[in-house]
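A.B. asks: Input: one structure, supplied below.
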Amino acid sequence: MRKFYVVGNLKMNMLSREEAAQYLSVLNREVHDKQYQHVTLVVCPSFLYLSQFDDLPEGIAKGAQNLFSEKSGAYTGEISPVMLKNDGVEYVIVGHSERRRYAGETNEMIRGKALSAIRNHLTPIVCIGETKEERHAEETDSVLMLQVKTLFSGFSKSQAENVIVAYEPRWAIGTDVVPTTGEILGVRVLLRKLFTEIFDARTAQRMTILYGGSVKRSFLPAVSWEAGMDGVLVGRESLFPHELVKMMNLFEEEAEKE
Ligand code: PGA
């Protein structure tokens with residue numbers, strides 16, 4: 001059965017519990033009693049509001065935007081995977097380019113976080129992608145190869161199958177510029193080839209790969225199913241819950257056609 005994901009990364013937005021509650025009431029109203037068989041929406045609010053995101057409608061899961069690789073201990077300001085799991089979180093974004101940029105996260109650190117997520121029964125959504133400069137220097141493939149090889153080093157096949165990969169070209173985040181369908185498809189093919197080399201064809205086939213960067217409903221087909229992707233990671237547009245639900249509806253319709 002074809003399965004799609006819409007991941008809403010709310011980033012450091014919504015500045016009060018009231019705003020979070022309002023967001024949730026719109027989300028609940030929009031989903032109403034619709035049933036989704038082919039699409040899962042993962043909503044990732046700030047840690048502070050996670051407990052408000054219990055009791056989500058069916059088809060919607062709770063995600064976090066980051067985690068720390070250790071379970072507990074003297075790590076001031078960090079959030080443990082066990083805390084997330086115990087709070088009902090199912091997914092966690094790992095290695096978003098904003099974490100790489102503002103918090104200095106490296107591929108090695110991100111690898112540790114992804115493994116820790118898996119070991120604690122969370123699904124990591126691991127972000128990869130090239131910068132504008134790397135793209136202009138035609139280094140996209142080599143950058144992605146290095147990221148994937150480092151991030152997945154030492155993973156077993158079953159661990160790899162539990163990862164969701166989000167291809168997010170950094171130049172497409174927050175810019176309203178998106179790659180062409182052909183470019184995204186090219187990355188899809190490259191990633192499948194890499195995962196086949198590292199693991200095997202079956203594992204590569206089973207891995208979930210999303211596109212992220214300036215996603216809007218109007219060009220959803222062009223950046224997702226037409227480009228061979230299993231869904232999208234949405235930033236700014238995820239601040240509009242009705243847009244996320246409309247995206248879910250489009251994926252559901254598409255999956256039913258297949
Ligand atoms: P954007 O962000 O949709 O606002 O470009 C995407 C992201 O950062 O994941």
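Each chain in the structure tokens gets a letter, A, B and so on, in the order shown; residues start at 1 in every chain, and ligands are counted from 1 in the order they appear.
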Write out as an NGL selection string each polymer residue whose atoms come within 7 Å of stretch 10-24 of chain A, counting only C-alpha atoms; drop sequence neighbours fewer than 4 positions from it.
C.D. replies: :A and (28 or 44-46 or 49 or 235 or 238-239 or 241)
A.B. asks: Go ahead and save the picked residues with all heavy atoms, as a PDB file, in the first residue's frame.
C.D. replies:
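Below is the file that was written, again_15.pdb:
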```pdb
ATOM      1  N   ASN A  28      -7.974  20.248  14.301  1.00  0.00           N
ATOM      2  CA  ASN A  28      -9.052  19.294  14.610  1.00  0.00           C
ATOM      3  C   ASN A  28     -10.287  19.562  13.780  1.00  0.00           C
ATOM      4  O   ASN A  28     -10.911  18.640  13.261  1.00  0.00           O
ATOM      5  CB  ASN A  28      -9.420  19.374  16.095  1.00  0.00           C
ATOM      6  CG  ASN A  28      -8.464  18.546  16.919  1.00  0.00           C
ATOM      7  OD1 ASN A  28      -8.319  17.355  16.711  1.00  0.00           O
ATOM      8  ND2 ASN A  28      -7.788  19.186  17.844  1.00  0.00           N
ATOM      9  N   CYS A  44       5.212  18.899  14.244  1.00  0.00           N
ATOM     10  CA  CYS A  44       6.372  19.062  15.129  1.00  0.00           C
ATOM     11  C   CYS A  44       6.386  20.472  15.723  1.00  0.00           C
ATOM     12  O   CYS A  44       6.990  21.391  15.162  1.00  0.00           O
ATOM     13  CB  CYS A  44       7.667  18.825  14.355  1.00  0.00           C
ATOM     14  SG  CYS A  44       7.703  17.266  13.452  1.00  0.00           S
ATOM     15  N   PRO A  45       5.736  20.648  16.868  1.00  0.00           N
ATOM     16  CA  PRO A  45       5.760  21.960  17.522  1.00  0.00           C
ATOM     17  C   PRO A  45       7.006  22.095  18.396  1.00  0.00           C
ATOM     18  O   PRO A  45       7.789  21.151  18.518  1.00  0.00           O
ATOM     19  CB  PRO A  45       4.508  21.907  18.403  1.00  0.00           C
ATOM     20  CG  PRO A  45       4.371  20.464  18.760  1.00  0.00           C
ATOM     21  CD  PRO A  45       4.957  19.658  17.624  1.00  0.00           C
ATOM     22  N   SER A  46       7.155  23.241  19.006  1.00  0.00           N
ATOM     23  CA  SER A  46       8.246  23.436  19.962  1.00  0.00           C
ATOM     24  C   SER A  46       8.079  22.435  21.123  1.00  0.00           C
ATOM     25  O   SER A  46       6.960  22.043  21.455  1.00  0.00           O
ATOM     26  CB  SER A  46       8.168  24.869  20.490  1.00  0.00           C
ATOM     27  OG  SER A  46       8.690  24.950  21.788  1.00  0.00           O
ATOM     28  N   TYR A  49       5.311  22.916  23.788  1.00  0.00           N
ATOM     29  CA  TYR A  49       3.884  22.692  23.556  1.00  0.00           C
ATOM     30  C   TYR A  49       3.546  21.228  23.280  1.00  0.00           C
ATOM     31  O   TYR A  49       2.399  20.905  23.008  1.00  0.00           O
ATOM     32  CB  TYR A  49       3.400  23.551  22.378  1.00  0.00           C
ATOM     33  CG  TYR A  49       3.743  25.009  22.540  1.00  0.00           C
ATOM     34  CD1 TYR A  49       4.433  25.690  21.545  1.00  0.00           C
ATOM     35  CD2 TYR A  49       3.390  25.702  23.694  1.00  0.00           C
ATOM     36  CE1 TYR A  49       4.765  27.026  21.697  1.00  0.00           C
ATOM     37  CE2 TYR A  49       3.725  27.035  23.850  1.00  0.00           C
ATOM     38  CZ  TYR A  49       4.415  27.690  22.847  1.00  0.00           C
ATOM     39  OH  TYR A  49       4.739  29.009  23.007  1.00  0.00           O
ATOM     40  N   GLY A 235       7.739  23.755   6.045  1.00  0.00           N
ATOM     41  CA  GLY A 235       8.089  24.758   7.056  1.00  0.00           C
ATOM     42  C   GLY A 235       6.976  25.783   7.194  1.00  0.00           C
ATOM     43  O   GLY A 235       5.961  25.538   7.834  1.00  0.00           O
ATOM     44  N   SER A 238       3.278  25.112   7.138  1.00  0.00           N
ATOM     45  CA  SER A 238       2.707  24.283   8.209  1.00  0.00           C
ATOM     46  C   SER A 238       2.113  25.142   9.319  1.00  0.00           C
ATOM     47  O   SER A 238       1.430  24.630  10.207  1.00  0.00           O
ATOM     48  CB  SER A 238       3.749  23.316   8.774  1.00  0.00           C
ATOM     49  OG  SER A 238       4.737  24.018   9.470  1.00  0.00           O
ATOM     50  N   LEU A 239       2.369  26.444   9.271  1.00  0.00           N
ATOM     51  CA  LEU A 239       1.750  27.329  10.262  1.00  0.00           C
ATOM     52  C   LEU A 239       0.268  27.530   9.960  1.00  0.00           C
ATOM     53  O   LEU A 239      -0.455  28.132  10.746  1.00  0.00           O
ATOM     54  CB  LEU A 239       2.479  28.678  10.295  1.00  0.00           C
ATOM     55  CG  LEU A 239       3.944  28.575  10.752  1.00  0.00           C
ATOM     56  CD1 LEU A 239       4.657  29.902  10.609  1.00  0.00           C
ATOM     57  CD2 LEU A 239       4.008  28.099  12.202  1.00  0.00           C
ATOM     58  N   PRO A 241      -2.759  25.280   9.540  1.00  0.00           N
ATOM     59  CA  PRO A 241      -3.192  23.881   9.646  1.00  0.00           C
ATOM     60  C   PRO A 241      -4.119  23.457   8.514  1.00  0.00           C
ATOM     61  O   PRO A 241      -4.074  22.309   8.069  1.00  0.00           O
ATOM     62  CB  PRO A 241      -3.918  23.823  10.995  1.00  0.00           C
ATOM     63  CG  PRO A 241      -3.802  25.147  11.626  1.00  0.00           C
ATOM     64  CD  PRO A 241      -3.039  26.064  10.744  1.00  0.00           C
TER      65      PRO A 241
END
```
A.B. asks: Among stretch 23-160 of chain A, which ones does DSSP place in strand (DSSP E or B), written as a PyMOL selection string?
C.D. replies: chain A and resi 39-44+60-64+91-94+123-128
A.B. asks: Which residues sit within 9 Å of ligand 1, counting only C-alpha atoms and all ligand atoms, listed as a ChimeraX atom specification?
C.D. replies: /A:7-11,96-98,127,166,168,170-178,211-216,232-238
A.B. asks: What is the distance, in Å and to one decimal place, between atom CA of A:Glu30 and atom CA of A:His242?
C.D. replies: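 Atom-to-atom, atom CA of A:Glu30 and atom CA of A:His242 are spaced 6.0 Å apart.
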A.B. asks: Give me the residues within 12 Å of A:Leu115 as a PDB file with C-alpha atoms, in the first residue's frame, counting only C-alpha atoms and dropping any in the same chain fewer than 4 places off.
C.D. replies:
```
ATOM      1  CA  LEU A  67      16.679  15.484  20.592  1.00  0.00           C
ATOM      2  CA  PHE A  68      19.898  14.732  22.435  1.00  0.00           C
ATOM      3  CA  SER A  69      21.713  11.471  21.863  1.00  0.00           C
ATOM      4  CA  GLU A  70      22.043  10.502  25.559  1.00  0.00           C
ATOM      5  CA  LYS A  71      19.163   9.087  27.595  1.00  0.00           C
ATOM      6  CA  PRO A  81      14.783  10.505  23.516  1.00  0.00           C
ATOM      7  CA  VAL A  92      11.811  13.461  15.575  1.00  0.00           C
ATOM      8  CA  VAL A  94      17.232  15.302  13.159  1.00  0.00           C
ATOM      9  CA  GLU A 108      28.613  12.673  13.119  1.00  0.00           C
ATOM     10  CA  MET A 109      26.435  14.297  15.780  1.00  0.00           C
ATOM     11  CA  ILE A 110      23.353  13.819  13.639  1.00  0.00           C
ATOM     12  CA  ARG A 111      24.227  10.167  13.132  1.00  0.00           C
ATOM     13  CA  ARG A 119      17.120   2.692  19.845  1.00  0.00           C
ATOM     14  CA  ASN A 120      14.439   4.488  21.813  1.00  0.00           C
ATOM     15  CA  HIS A 121      11.668   3.630  19.370  1.00  0.00           C
ATOM     16  CA  LEU A 122      11.313   7.014  17.748  1.00  0.00           C
ATOM     17  CA  THR A 123      11.395   7.470  13.974  1.00  0.00           C
ATOM     18  CA  PRO A 124      14.120   9.953  13.021  1.00  0.00           C
ATOM     19  CA  ILE A 125      13.463  12.273  10.090  1.00  0.00           C
ATOM     20  CA  VAL A 126      17.031  12.905   8.982  1.00  0.00           C
ATOM     21  CA  LEU A 151      25.006   9.473   8.614  1.00  0.00           C
ATOM     22  CA  PHE A 152      24.319   5.815   7.898  1.00  0.00           C
ATOM     23  CA  SER A 153      27.682   4.364   8.802  1.00  0.00           C
ATOM     24  CA  GLY A 154      27.243   1.351  11.084  1.00  0.00           C
ATOM     25  CA  PHE A 155      23.467   1.208  10.624  1.00  0.00           C
ATOM     26  CA  SER A 156      21.903  -2.209  10.167  1.00  0.00           C
ATOM     27  CA  SER A 158      16.493  -2.735   9.746  1.00  0.00           C
ATOM     28  CA  GLN A 159      17.716   0.442  11.425  1.00  0.00           C
ATOM     29  CA  ALA A 160      17.987   2.128   8.020  1.00  0.00           C
ATOM     30  CA  ASN A 162      13.280   2.933  10.247  1.00  0.00           C
ATOM     31  CA  VAL A 163      14.722   6.239   9.104  1.00  0.00           C
TER      32      VAL A 163
END
```
A.B. asks: Please determine, counting only C-alpha atoms, which residue among A:Leu210, A:Val26, A:Val82, A:Val42 has the shortest atom-to-atom distance to A:Asp230.
C.D. replies: A:Leu210
A.B. asks: Just want the 12 Å neighbourhood of A:Trp225, counted on only C-alpha atoms, with same-chain residues fewer than 4 positions away dropped. Output as a list in words.
C.D. replies: Arg2, Lys3, Phe4, Tyr5, Thr181, Gly182, Ile184, Leu185, Arg188, Ile209, Leu210, Tyr211, Phe219, Leu220, Pro221, Met229, Asp230, Gly231, Val232, Leu250, Phe251, Glu252, Glu253, Glu254, Ala255, Lys257 and Glu258 of chain A
A.B. asks: Could you state the separation of atom CA of A:Ser218 and atom CA of A:Thr140 in Å, given to one decimal place?
C.D. replies: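 Distance reported for this atom pair: 26.0 Å.
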A.B. asks: Which of these residues is nearest to A:Val31, using only C-alpha atoms: A:Glu58, A:Asp200, A:Glu133, A:Glu183?
C.D. replies: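 Of all the options, A:Glu58 lies closest to A:Val31.
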A.B. asks: Which of stretch 81-229 of chain A end up as helix (DSSP H, G or I) when DSSP is run on this backbone - answer as a VMD selection string?
C.D. replies: chain A and resid 81 to 86 97 to 102 107 to 119 132 to 136 140 to 151 157 to 161 170 to 172 181 to 198 201 to 206 217 to 223 225 to 227
A.B. asks: Need the shell around A:Leu190: protein/DNA/RNA residues with any atom at most 10 Å away, counting only C-alpha atoms. Skip same-chain ones fewer than 4 positions apart. Format as a list in words?
C.D. replies: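 That gives Asp141, Leu144, Met145, Ile184, Leu185, Gly186, Leu194, Phe195 and Thr196 of chain A.
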A.B. asks: Go ahead and save the residues from that selection, with N, CA, C and O atoms, as a PDB file, in the first residue's frame.
C.D. replies:
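Contents of selection27.pdb, as written:
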```
ATOM      1  N   ASP A 141      25.812  16.053  -5.812  1.00  0.00           N
ATOM      2  CA  ASP A 141      25.902  14.597  -5.651  1.00  0.00           C
ATOM      3  C   ASP A 141      26.973  14.218  -4.633  1.00  0.00           C
ATOM      4  O   ASP A 141      26.749  13.365  -3.768  1.00  0.00           O
ATOM      5  N   LEU A 144      25.823  15.067  -1.051  1.00  0.00           N
ATOM      6  CA  LEU A 144      24.806  14.121  -0.559  1.00  0.00           C
ATOM      7  C   LEU A 144      25.434  12.754  -0.268  1.00  0.00           C
ATOM      8  O   LEU A 144      25.095  12.097   0.717  1.00  0.00           O
ATOM      9  N   MET A 145      26.384  12.358  -1.118  1.00  0.00           N
ATOM     10  CA  MET A 145      27.038  11.068  -0.897  1.00  0.00           C
ATOM     11  C   MET A 145      27.772  11.056   0.431  1.00  0.00           C
ATOM     12  O   MET A 145      27.666  10.110   1.210  1.00  0.00           O
ATOM     13  N   ILE A 184      14.772  16.863  -8.502  1.00  0.00           N
ATOM     14  CA  ILE A 184      14.425  16.076  -7.304  1.00  0.00           C
ATOM     15  C   ILE A 184      14.466  14.580  -7.640  1.00  0.00           C
ATOM     16  O   ILE A 184      14.994  13.767  -6.876  1.00  0.00           O
ATOM     17  N   LEU A 185      13.939  14.260  -8.809  1.00  0.00           N
ATOM     18  CA  LEU A 185      13.963  12.861  -9.251  1.00  0.00           C
ATOM     19  C   LEU A 185      15.409  12.349  -9.338  1.00  0.00           C
ATOM     20  O   LEU A 185      15.699  11.211  -8.958  1.00  0.00           O
ATOM     21  N   GLY A 186      16.294  13.210  -9.823  1.00  0.00           N
ATOM     22  CA  GLY A 186      17.712  12.849  -9.919  1.00  0.00           C
ATOM     23  C   GLY A 186      18.275  12.505  -8.546  1.00  0.00           C
ATOM     24  O   GLY A 186      19.025  11.535  -8.391  1.00  0.00           O
ATOM     25  N   LEU A 194      22.698   4.898  -3.698  1.00  0.00           N
ATOM     26  CA  LEU A 194      23.578   4.887  -2.525  1.00  0.00           C
ATOM     27  C   LEU A 194      23.113   3.881  -1.481  1.00  0.00           C
ATOM     28  O   LEU A 194      23.908   3.124  -0.923  1.00  0.00           O
ATOM     29  N   PHE A 195      21.801   3.881  -1.224  1.00  0.00           N
ATOM     30  CA  PHE A 195      21.285   2.954  -0.208  1.00  0.00           C
ATOM     31  C   PHE A 195      21.399   1.504  -0.679  1.00  0.00           C
ATOM     32  O   PHE A 195      21.578   0.604   0.127  1.00  0.00           O
ATOM     33  N   THR A 196      21.327   1.304  -1.988  1.00  0.00           N
ATOM     34  CA  THR A 196      21.522  -0.055  -2.509  1.00  0.00           C
ATOM     35  C   THR A 196      22.971  -0.481  -2.282  1.00  0.00           C
ATOM     36  O   THR A 196      23.245  -1.616  -1.868  1.00  0.00           O
TER      37      THR A 196
END
```
A.B. asks: Taking only C-alpha atoms into account, which of A:Tyr91, A:Phe53, A:Tyr75, A:Tyr102 comes nearest A:Thr40?
C.D. replies: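 Checking each candidate against A:Thr40, we get A:Tyr91 as the closest.
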A.B. asks: Separation of atom CA of A:Lys113 and atom CA of A:Glu161, in Å?
C.D. replies: 15.9 Å
